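Asker: The following block contains the structure, expressed as structure tokens.
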Amino acid sequence: DSISVYPPQKLTEEQKATLVDYTTRLAKGLNIIGLMNIQYVLSNGEIYVIEVNPRSSRTVPFLSKITNIPMANIATKAILGQSIVEQGYPTGLAKEQKGVFVKVPVFSFAKLRRVDITLGPEMKSTGEVMGKDATFEKALYKGFVASGMEIKQH
């Protein structure tokens, strides 16, 4: 499971435009209507697609809450034939919100007694929490504390 940060902290406007372009082309090329989960990686300034899945991810409720855009509802209506534009939403990136938001997984190992707790590609978290603040560092700290991590003060 991963940590998600919104808005992106270090992407250039060109990289954001590339992500929108790749996302649009993938959705059209794969004829996807509704939600899709794309995992990108940024390496040495280049954007690569790791995988594309025609489904939602657990990041959708996180982003919906932050942006006040009901993504799952919009996607469902799109699947049923009502375009996002017909629903009153523009295409492209949503307007960035004030503040920094960090989604942090919660690992309740007490609930997962027979699960190998070593980290790997499988999802093992049992929930997620969100930290919000004016800076990335403070939002991340709040997310870690809310997830049950004990942060030592120096």
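By order in the structure tokens, chains are A, B, ...; within a chain, residues start at 1; ligands start at 1, following the order shown.
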As a ChimeraX atom specification, please: every residue in stretch 22-126 of chain A that DSSP puts in alpha helix (DSSP H).
Answerer: /A:22-29,59-67,71-79
Asker: Could you list, as a VMD selection string, every residue within 12 Å of A:Thr24, counting only C-alpha atoms and ignoring same-chain residues fewer than 6 positions away?
Answerer: chain A and resid 17 to 18 30 to 33 35 to 36 38 91 to 93
Asker: Quick one: write out the picked residues with all heavy atoms as a compact mmCIF listing (two decimals), in the first residue's frame?
Answerer:
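And here is the file that came out, again_36.txt:
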# COMPACT_ATOMS: atom_id res chain seq x y z
N ALA A 17 0.89 18.28 -17.73
CA ALA A 17 0.26 18.22 -19.05
C ALA A 17 0.50 16.86 -19.70
O ALA A 17 -0.40 16.29 -20.35
CB ALA A 17 0.78 19.34 -19.94
N THR A 18 1.70 16.32 -19.54
CA THR A 18 2.01 14.99 -20.08
C THR A 18 1.13 13.92 -19.43
O THR A 18 0.60 13.04 -20.11
CB THR A 18 3.51 14.66 -19.88
OG1 THR A 18 4.29 15.63 -20.59
CG2 THR A 18 3.84 13.26 -20.37
N LEU A 30 -8.06 2.53 -24.92
CA LEU A 30 -8.58 1.29 -24.32
C LEU A 30 -10.11 1.30 -24.24
O LEU A 30 -10.70 0.35 -23.73
CB LEU A 30 -7.99 1.10 -22.92
CG LEU A 30 -6.47 0.89 -22.89
CD1 LEU A 30 -5.94 0.96 -21.45
CD2 LEU A 30 -6.10 -0.43 -23.54
N ASN A 31 -10.73 2.39 -24.75
CA ASN A 31 -12.18 2.53 -24.76
C ASN A 31 -12.78 2.37 -23.36
O ASN A 31 -13.76 1.67 -23.16
CB ASN A 31 -12.81 1.53 -25.74
CG ASN A 31 -14.21 1.94 -26.12
OD1 ASN A 31 -14.55 3.13 -26.10
ND2 ASN A 31 -15.05 0.97 -26.44
N ILE A 32 -12.15 3.04 -22.40
CA ILE A 32 -12.62 2.96 -21.02
C ILE A 32 -13.60 4.09 -20.75
O ILE A 32 -13.31 5.26 -21.01
CB ILE A 32 -11.44 3.03 -20.03
CG1 ILE A 32 -10.59 1.77 -20.19
CG2 ILE A 32 -11.93 3.19 -18.59
CD1 ILE A 32 -9.34 1.74 -19.34
N ILE A 33 -14.74 3.73 -20.22
CA ILE A 33 -15.73 4.71 -19.77
C ILE A 33 -15.90 4.46 -18.28
O ILE A 33 -16.20 3.35 -17.86
CB ILE A 33 -17.07 4.54 -20.51
CG1 ILE A 33 -16.87 4.76 -22.00
CG2 ILE A 33 -18.10 5.50 -19.95
CD1 ILE A 33 -18.07 4.43 -22.84
N LEU A 35 -14.11 4.89 -14.36
CA LEU A 35 -12.83 5.06 -13.67
C LEU A 35 -11.77 4.08 -14.17
O LEU A 35 -12.09 2.97 -14.60
CB LEU A 35 -13.03 4.85 -12.17
CG LEU A 35 -13.91 5.88 -11.47
CD1 LEU A 35 -14.25 5.42 -10.07
CD2 LEU A 35 -13.24 7.23 -11.46
N MET A 36 -10.53 4.51 -14.10
CA MET A 36 -9.42 3.61 -14.35
C MET A 36 -8.29 4.00 -13.41
O MET A 36 -8.16 5.15 -13.00
CB MET A 36 -8.96 3.65 -15.81
CG MET A 36 -8.34 4.92 -16.25
SD MET A 36 -7.83 4.75 -17.98
CE MET A 36 -7.20 6.38 -18.26
N ILE A 38 -4.36 4.19 -13.01
CA ILE A 38 -3.08 4.19 -13.74
C ILE A 38 -1.97 4.43 -12.73
O ILE A 38 -2.05 5.35 -11.92
CB ILE A 38 -3.02 5.30 -14.81
CG1 ILE A 38 -4.21 5.21 -15.75
CG2 ILE A 38 -1.70 5.21 -15.59
CD1 ILE A 38 -4.28 6.37 -16.74
N THR A 91 -13.40 18.69 -18.41
CA THR A 91 -12.36 17.67 -18.55
C THR A 91 -11.03 18.24 -18.07
O THR A 91 -10.91 19.44 -17.84
CB THR A 91 -12.25 17.21 -20.02
OG1 THR A 91 -11.91 18.35 -20.82
CG2 THR A 91 -13.55 16.60 -20.51
N GLY A 92 -10.04 17.40 -17.92
CA GLY A 92 -8.72 17.85 -17.49
C GLY A 92 -8.56 17.80 -15.98
O GLY A 92 -9.33 17.15 -15.28
N LEU A 93 -7.57 18.51 -15.50
CA LEU A 93 -7.27 18.51 -14.06
C LEU A 93 -8.25 19.38 -13.29
O LEU A 93 -8.65 20.44 -13.76
CB LEU A 93 -5.85 19.04 -13.81
CG LEU A 93 -4.70 18.16 -14.27
CD1 LEU A 93 -3.37 18.86 -14.01
CD2 LEU A 93 -4.73 16.81 -13.57
Asker: Can you work out the spacing between atom CA of A:Leu63 and atom CA of A:Leu11 in Å, to one decimal?
Answerer: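 Computed distance, atom CA of A:Leu63 to atom CA of A:Leu11, equals 17.5 Å.
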Asker: For A:Ile66, work out the shell of residues within 9 Å, counting only C-alpha atoms and skipping chain neighbours fewer than 3 positions away, then give it as number ranges by chain.
Answerer: A: 6, 61-63, 69, 97, 101
Asker: Would you kindly return, as an mmCIF file with N, CA and C atoms, in the first residue's frame, each protein, DNA or RNA residue with an atom no farther than 10 Å from any atom of A:Val145, considering only C-alpha atoms and excluding same-chain residues fewer than 5 positions away?
Answerer:
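The resulting around.cif:
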data_model
loop_
_atom_site.group_PDB
_atom_site.id
_atom_site.type_symbol
_atom_site.label_atom_id
_atom_site.label_comp_id
_atom_site.auth_asym_id
_atom_site.auth_seq_id
_atom_site.Cartn_x
_atom_site.Cartn_y
_atom_site.Cartn_z
ATOM 1 N N VAL A 104 -2.484 8.051 4.153
ATOM 2 C CA VAL A 104 -1.527 7.118 4.748
ATOM 3 C C VAL A 104 -2.256 5.811 5.071
ATOM 4 N N VAL A 129 -5.976 6.808 6.474
ATOM 5 C CA VAL A 129 -6.277 8.064 7.153
ATOM 6 C C VAL A 129 -5.714 9.202 6.309
ATOM 7 N N MET A 130 -6.154 10.421 6.634
ATOM 8 C CA MET A 130 -5.678 11.569 5.883
ATOM 9 C C MET A 130 -5.127 12.626 6.823
ATOM 10 N N GLY A 131 -3.970 13.162 6.440
ATOM 11 C CA GLY A 131 -3.401 14.308 7.134
ATOM 12 C C GLY A 131 -3.550 15.527 6.241
ATOM 13 N N ALA A 139 1.466 17.829 6.973
ATOM 14 C CA ALA A 139 0.383 16.929 6.565
ATOM 15 C C ALA A 139 0.826 15.469 6.689
ATOM 16 N N LEU A 140 2.065 15.177 6.293
ATOM 17 C CA LEU A 140 2.602 13.819 6.411
ATOM 18 C C LEU A 140 2.684 13.406 7.874
ATOM 19 N N GLU A 150 4.045 5.920 16.049
ATOM 20 C CA GLU A 150 4.576 6.713 17.149
ATOM 21 C C GLU A 150 5.792 7.461 16.630
ATOM 22 N N ILE A 151 5.682 8.784 16.615
ATOM 23 C CA ILE A 151 6.768 9.619 16.110
ATOM 24 C C ILE A 151 7.545 10.178 17.287
#
Asker: As JSON, numbers by chain, which residues of chain A does DSSP assign to strand (DSSP E or B)?
Answerer: {"A": [4, 5, 6, 37, 38, 39, 40, 41, 42, 43, 46, 47, 48, 49, 50, 51, 52, 53, 100, 101, 102, 103, 104, 105, 106, 127, 128, 129, 130, 131, 132, 133]}
Asker: Contacts of A:Phe136 at 10 Å or less, counting only C-alpha atoms, minus same-chain residues fewer than 2 places along, as a ChimeraX atom specification?
Answerer: /A:5-9,99-102,131-134,138-142
Asker: Go ahead and write the residues just picked, N, CA, C and O atoms, as a PDB file, in the first residue's frame.
Answerer:
ATOM      1  N   VAL A   5      -0.179  11.848  -2.115  1.00  0.00           N
ATOM      2  CA  VAL A   5      -0.063  13.265  -1.764  1.00  0.00           C
ATOM      3  C   VAL A   5      -0.788  14.095  -2.812  1.00  0.00           C
ATOM      4  O   VAL A   5      -0.634  13.867  -4.019  1.00  0.00           O
ATOM      5  N   TYR A   6      -1.580  15.053  -2.342  1.00  0.00           N
ATOM      6  CA  TYR A   6      -2.277  15.972  -3.238  1.00  0.00           C
ATOM      7  C   TYR A   6      -2.212  17.367  -2.653  1.00  0.00           C
ATOM      8  O   TYR A   6      -2.451  17.523  -1.462  1.00  0.00           O
ATOM      9  N   PRO A   7      -1.888  18.367  -3.450  1.00  0.00           N
ATOM     10  CA  PRO A   7      -1.504  18.297  -4.859  1.00  0.00           C
ATOM     11  C   PRO A   7      -0.062  17.803  -5.008  1.00  0.00           C
ATOM     12  O   PRO A   7       0.689  17.762  -4.037  1.00  0.00           O
ATOM     13  N   PRO A   8       0.309  17.435  -6.230  1.00  0.00           N
ATOM     14  CA  PRO A   8       1.694  16.999  -6.454  1.00  0.00           C
ATOM     15  C   PRO A   8       2.656  18.075  -5.981  1.00  0.00           C
ATOM     16  O   PRO A   8       2.420  19.261  -6.186  1.00  0.00           O
ATOM     17  N   GLN A   9       3.725  17.661  -5.352  1.00  0.00           N
ATOM     18  CA  GLN A   9       4.653  18.617  -4.753  1.00  0.00           C
ATOM     19  C   GLN A   9       5.800  19.042  -5.671  1.00  0.00           C
ATOM     20  O   GLN A   9       6.350  20.116  -5.480  1.00  0.00           O
ATOM     21  N   GLY A  99      -3.917  23.919   0.694  1.00  0.00           N
ATOM     22  CA  GLY A  99      -3.378  22.965   1.645  1.00  0.00           C
ATOM     23  C   GLY A  99      -2.765  21.769   0.959  1.00  0.00           C
ATOM     24  O   GLY A  99      -2.793  21.632  -0.261  1.00  0.00           O
ATOM     25  N   VAL A 100      -2.191  20.903   1.773  1.00  0.00           N
ATOM     26  CA  VAL A 100      -1.594  19.654   1.296  1.00  0.00           C
ATOM     27  C   VAL A 100      -2.302  18.519   2.018  1.00  0.00           C
ATOM     28  O   VAL A 100      -2.534  18.579   3.227  1.00  0.00           O
ATOM     29  N   PHE A 101      -2.636  17.479   1.274  1.00  0.00           N
ATOM     30  CA  PHE A 101      -3.373  16.338   1.798  1.00  0.00           C
ATOM     31  C   PHE A 101      -2.537  15.080   1.576  1.00  0.00           C
ATOM     32  O   PHE A 101      -2.017  14.874   0.483  1.00  0.00           O
ATOM     33  N   VAL A 102      -2.405  14.256   2.609  1.00  0.00           N
ATOM     34  CA  VAL A 102      -1.615  13.036   2.519  1.00  0.00           C
ATOM     35  C   VAL A 102      -2.458  11.861   2.997  1.00  0.00           C
ATOM     36  O   VAL A 102      -2.989  11.879   4.108  1.00  0.00           O
ATOM     37  N   GLY A 131      -3.970  13.162   6.440  1.00  0.00           N
ATOM     38  CA  GLY A 131      -3.401  14.308   7.134  1.00  0.00           C
ATOM     39  C   GLY A 131      -3.550  15.527   6.241  1.00  0.00           C
ATOM     40  O   GLY A 131      -3.363  15.434   5.033  1.00  0.00           O
ATOM     41  N   LYS A 132      -3.906  16.656   6.818  1.00  0.00           N
ATOM     42  CA  LYS A 132      -4.063  17.897   6.056  1.00  0.00           C
ATOM     43  C   LYS A 132      -3.391  19.028   6.812  1.00  0.00           C
ATOM     44  O   LYS A 132      -3.549  19.164   8.027  1.00  0.00           O
ATOM     45  N   ASP A 133      -2.627  19.828   6.065  1.00  0.00           N
ATOM     46  CA  ASP A 133      -2.008  21.009   6.663  1.00  0.00           C
ATOM     47  C   ASP A 133      -1.526  21.915   5.542  1.00  0.00           C
ATOM     48  O   ASP A 133      -1.731  21.601   4.360  1.00  0.00           O
ATOM     49  N   ALA A 134      -0.883  23.000   5.904  1.00  0.00           N
ATOM     50  CA  ALA A 134      -0.400  23.968   4.921  1.00  0.00           C
ATOM     51  C   ALA A 134       0.857  23.480   4.201  1.00  0.00           C
ATOM     52  O   ALA A 134       1.127  23.888   3.078  1.00  0.00           O
ATOM     53  N   LYS A 138       4.048  18.819   7.490  1.00  0.00           N
ATOM     54  CA  LYS A 138       3.048  18.795   8.558  1.00  0.00           C
ATOM     55  C   LYS A 138       1.898  17.848   8.229  1.00  0.00           C
ATOM     56  O   LYS A 138       1.408  17.128   9.091  1.00  0.00           O
ATOM     57  N   ALA A 139       1.466  17.829   6.973  1.00  0.00           N
ATOM     58  CA  ALA A 139       0.383  16.929   6.565  1.00  0.00           C
ATOM     59  C   ALA A 139       0.826  15.469   6.689  1.00  0.00           C
ATOM     60  O   ALA A 139       0.065  14.610   7.155  1.00  0.00           O
ATOM     61  N   LEU A 140       2.065  15.177   6.293  1.00  0.00           N
ATOM     62  CA  LEU A 140       2.602  13.819   6.411  1.00  0.00           C
ATOM     63  C   LEU A 140       2.684  13.406   7.874  1.00  0.00           C
ATOM     64  O   LEU A 140       2.293  12.292   8.241  1.00  0.00           O
ATOM     65  N   TYR A 141       3.181  14.295   8.714  1.00  0.00           N
ATOM     66  CA  TYR A 141       3.261  14.023  10.150  1.00  0.00           C
ATOM     67  C   TYR A 141       1.871  13.693  10.704  1.00  0.00           C
ATOM     68  O   TYR A 141       1.699  12.697  11.414  1.00  0.00           O
ATOM     69  N   LYS A 142       0.883  14.499  10.382  1.00  0.00           N
ATOM     70  CA  LYS A 142      -0.481  14.258  10.866  1.00  0.00           C
ATOM     71  C   LYS A 142      -1.018  12.916  10.368  1.00  0.00           C
ATOM     72  O   LYS A 142      -1.697  12.194  11.104  1.00  0.00           O
TER      73      LYS A 142
END
Asker: Excluding same-chain residues fewer than 5 positions from A:Glu86, what lies within 10 Å of it counting only C-alpha atoms, as JSON, numbers by chain?
Answerer: {"A": [77, 78, 81]}
Asker: Can you spit out the residues from that selection as an mmCIF file, in the first residue's frame, using N, CA and C atoms?
Answerer:
data_model
loop_
_atom_site.group_PDB
_atom_site.id
_atom_site.type_symbol
_atom_site.label_atom_id
_atom_site.label_comp_id
_atom_site.auth_asym_id
_atom_site.auth_seq_id
_atom_site.Cartn_x
_atom_site.Cartn_y
_atom_site.Cartn_z
ATOM 1 N N LYS A 77 -22.543 7.404 -13.745
ATOM 2 C CA LYS A 77 -23.435 8.054 -14.717
ATOM 3 C C LYS A 77 -22.821 8.042 -16.114
ATOM 4 N N ALA A 78 -21.498 8.172 -16.200
ATOM 5 C CA ALA A 78 -20.830 8.110 -17.505
ATOM 6 C C ALA A 78 -20.987 6.729 -18.127
ATOM 7 N N GLY A 81 -24.171 6.386 -19.737
ATOM 8 C CA GLY A 81 -24.398 7.172 -20.941
ATOM 9 C C GLY A 81 -24.383 8.685 -20.806
#
Asker: Could you please determine the separation between atom CA of A:Glu51 and atom CA of A:Ala72 in Å, to one decimal place?
Answerer: 20.5 Å
Asker: Can you measure atom CA of A:Pro90 to atom CA of A:Met71 for me? One decimal in Å is fine.
Answerer: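 These atoms are spaced 12.5 Å apart.
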Asker: Mind checking which residues fall within 8 Å of A:Glu96, counting only C-alpha atoms, ignoring those fewer than 2 positions away in the same chain, and posting them as a short mmCIF file (atom, residue, chain, number, x, y, z; two decimals) with N, CA, C and O atoms, in the first residue's frame?
Answerer:
data_model
loop_
_atom_site.label_atom_id
_atom_site.label_comp_id
_atom_site.auth_asym_id
_atom_site.auth_seq_id
_atom_site.Cartn_x
_atom_site.Cartn_y
_atom_site.Cartn_z
N PRO A 7 -1.89 18.37 -3.45
CA PRO A 7 -1.50 18.30 -4.86
C PRO A 7 -0.06 17.80 -5.01
O PRO A 7 0.69 17.76 -4.04
N THR A 67 -11.37 17.25 -3.37
CA THR A 67 -11.78 18.11 -4.47
C THR A 67 -13.28 18.42 -4.46
O THR A 67 -13.73 19.27 -5.22
N ALA A 94 -8.59 18.92 -12.10
CA ALA A 94 -9.43 19.72 -11.20
C ALA A 94 -8.59 20.84 -10.62
O ALA A 94 -7.37 20.73 -10.50
N LYS A 98 -6.63 24.42 -1.50
CA LYS A 98 -5.64 24.99 -0.58
C LYS A 98 -5.19 23.93 0.41
O LYS A 98 -6.00 23.16 0.91
#
Asker: Which of these residues is nearest to A:Arg58, using only C-alpha atoms: A:Ala75, A:Leu42, A:Met149, A:Ile3?
Answerer: A:Ile3
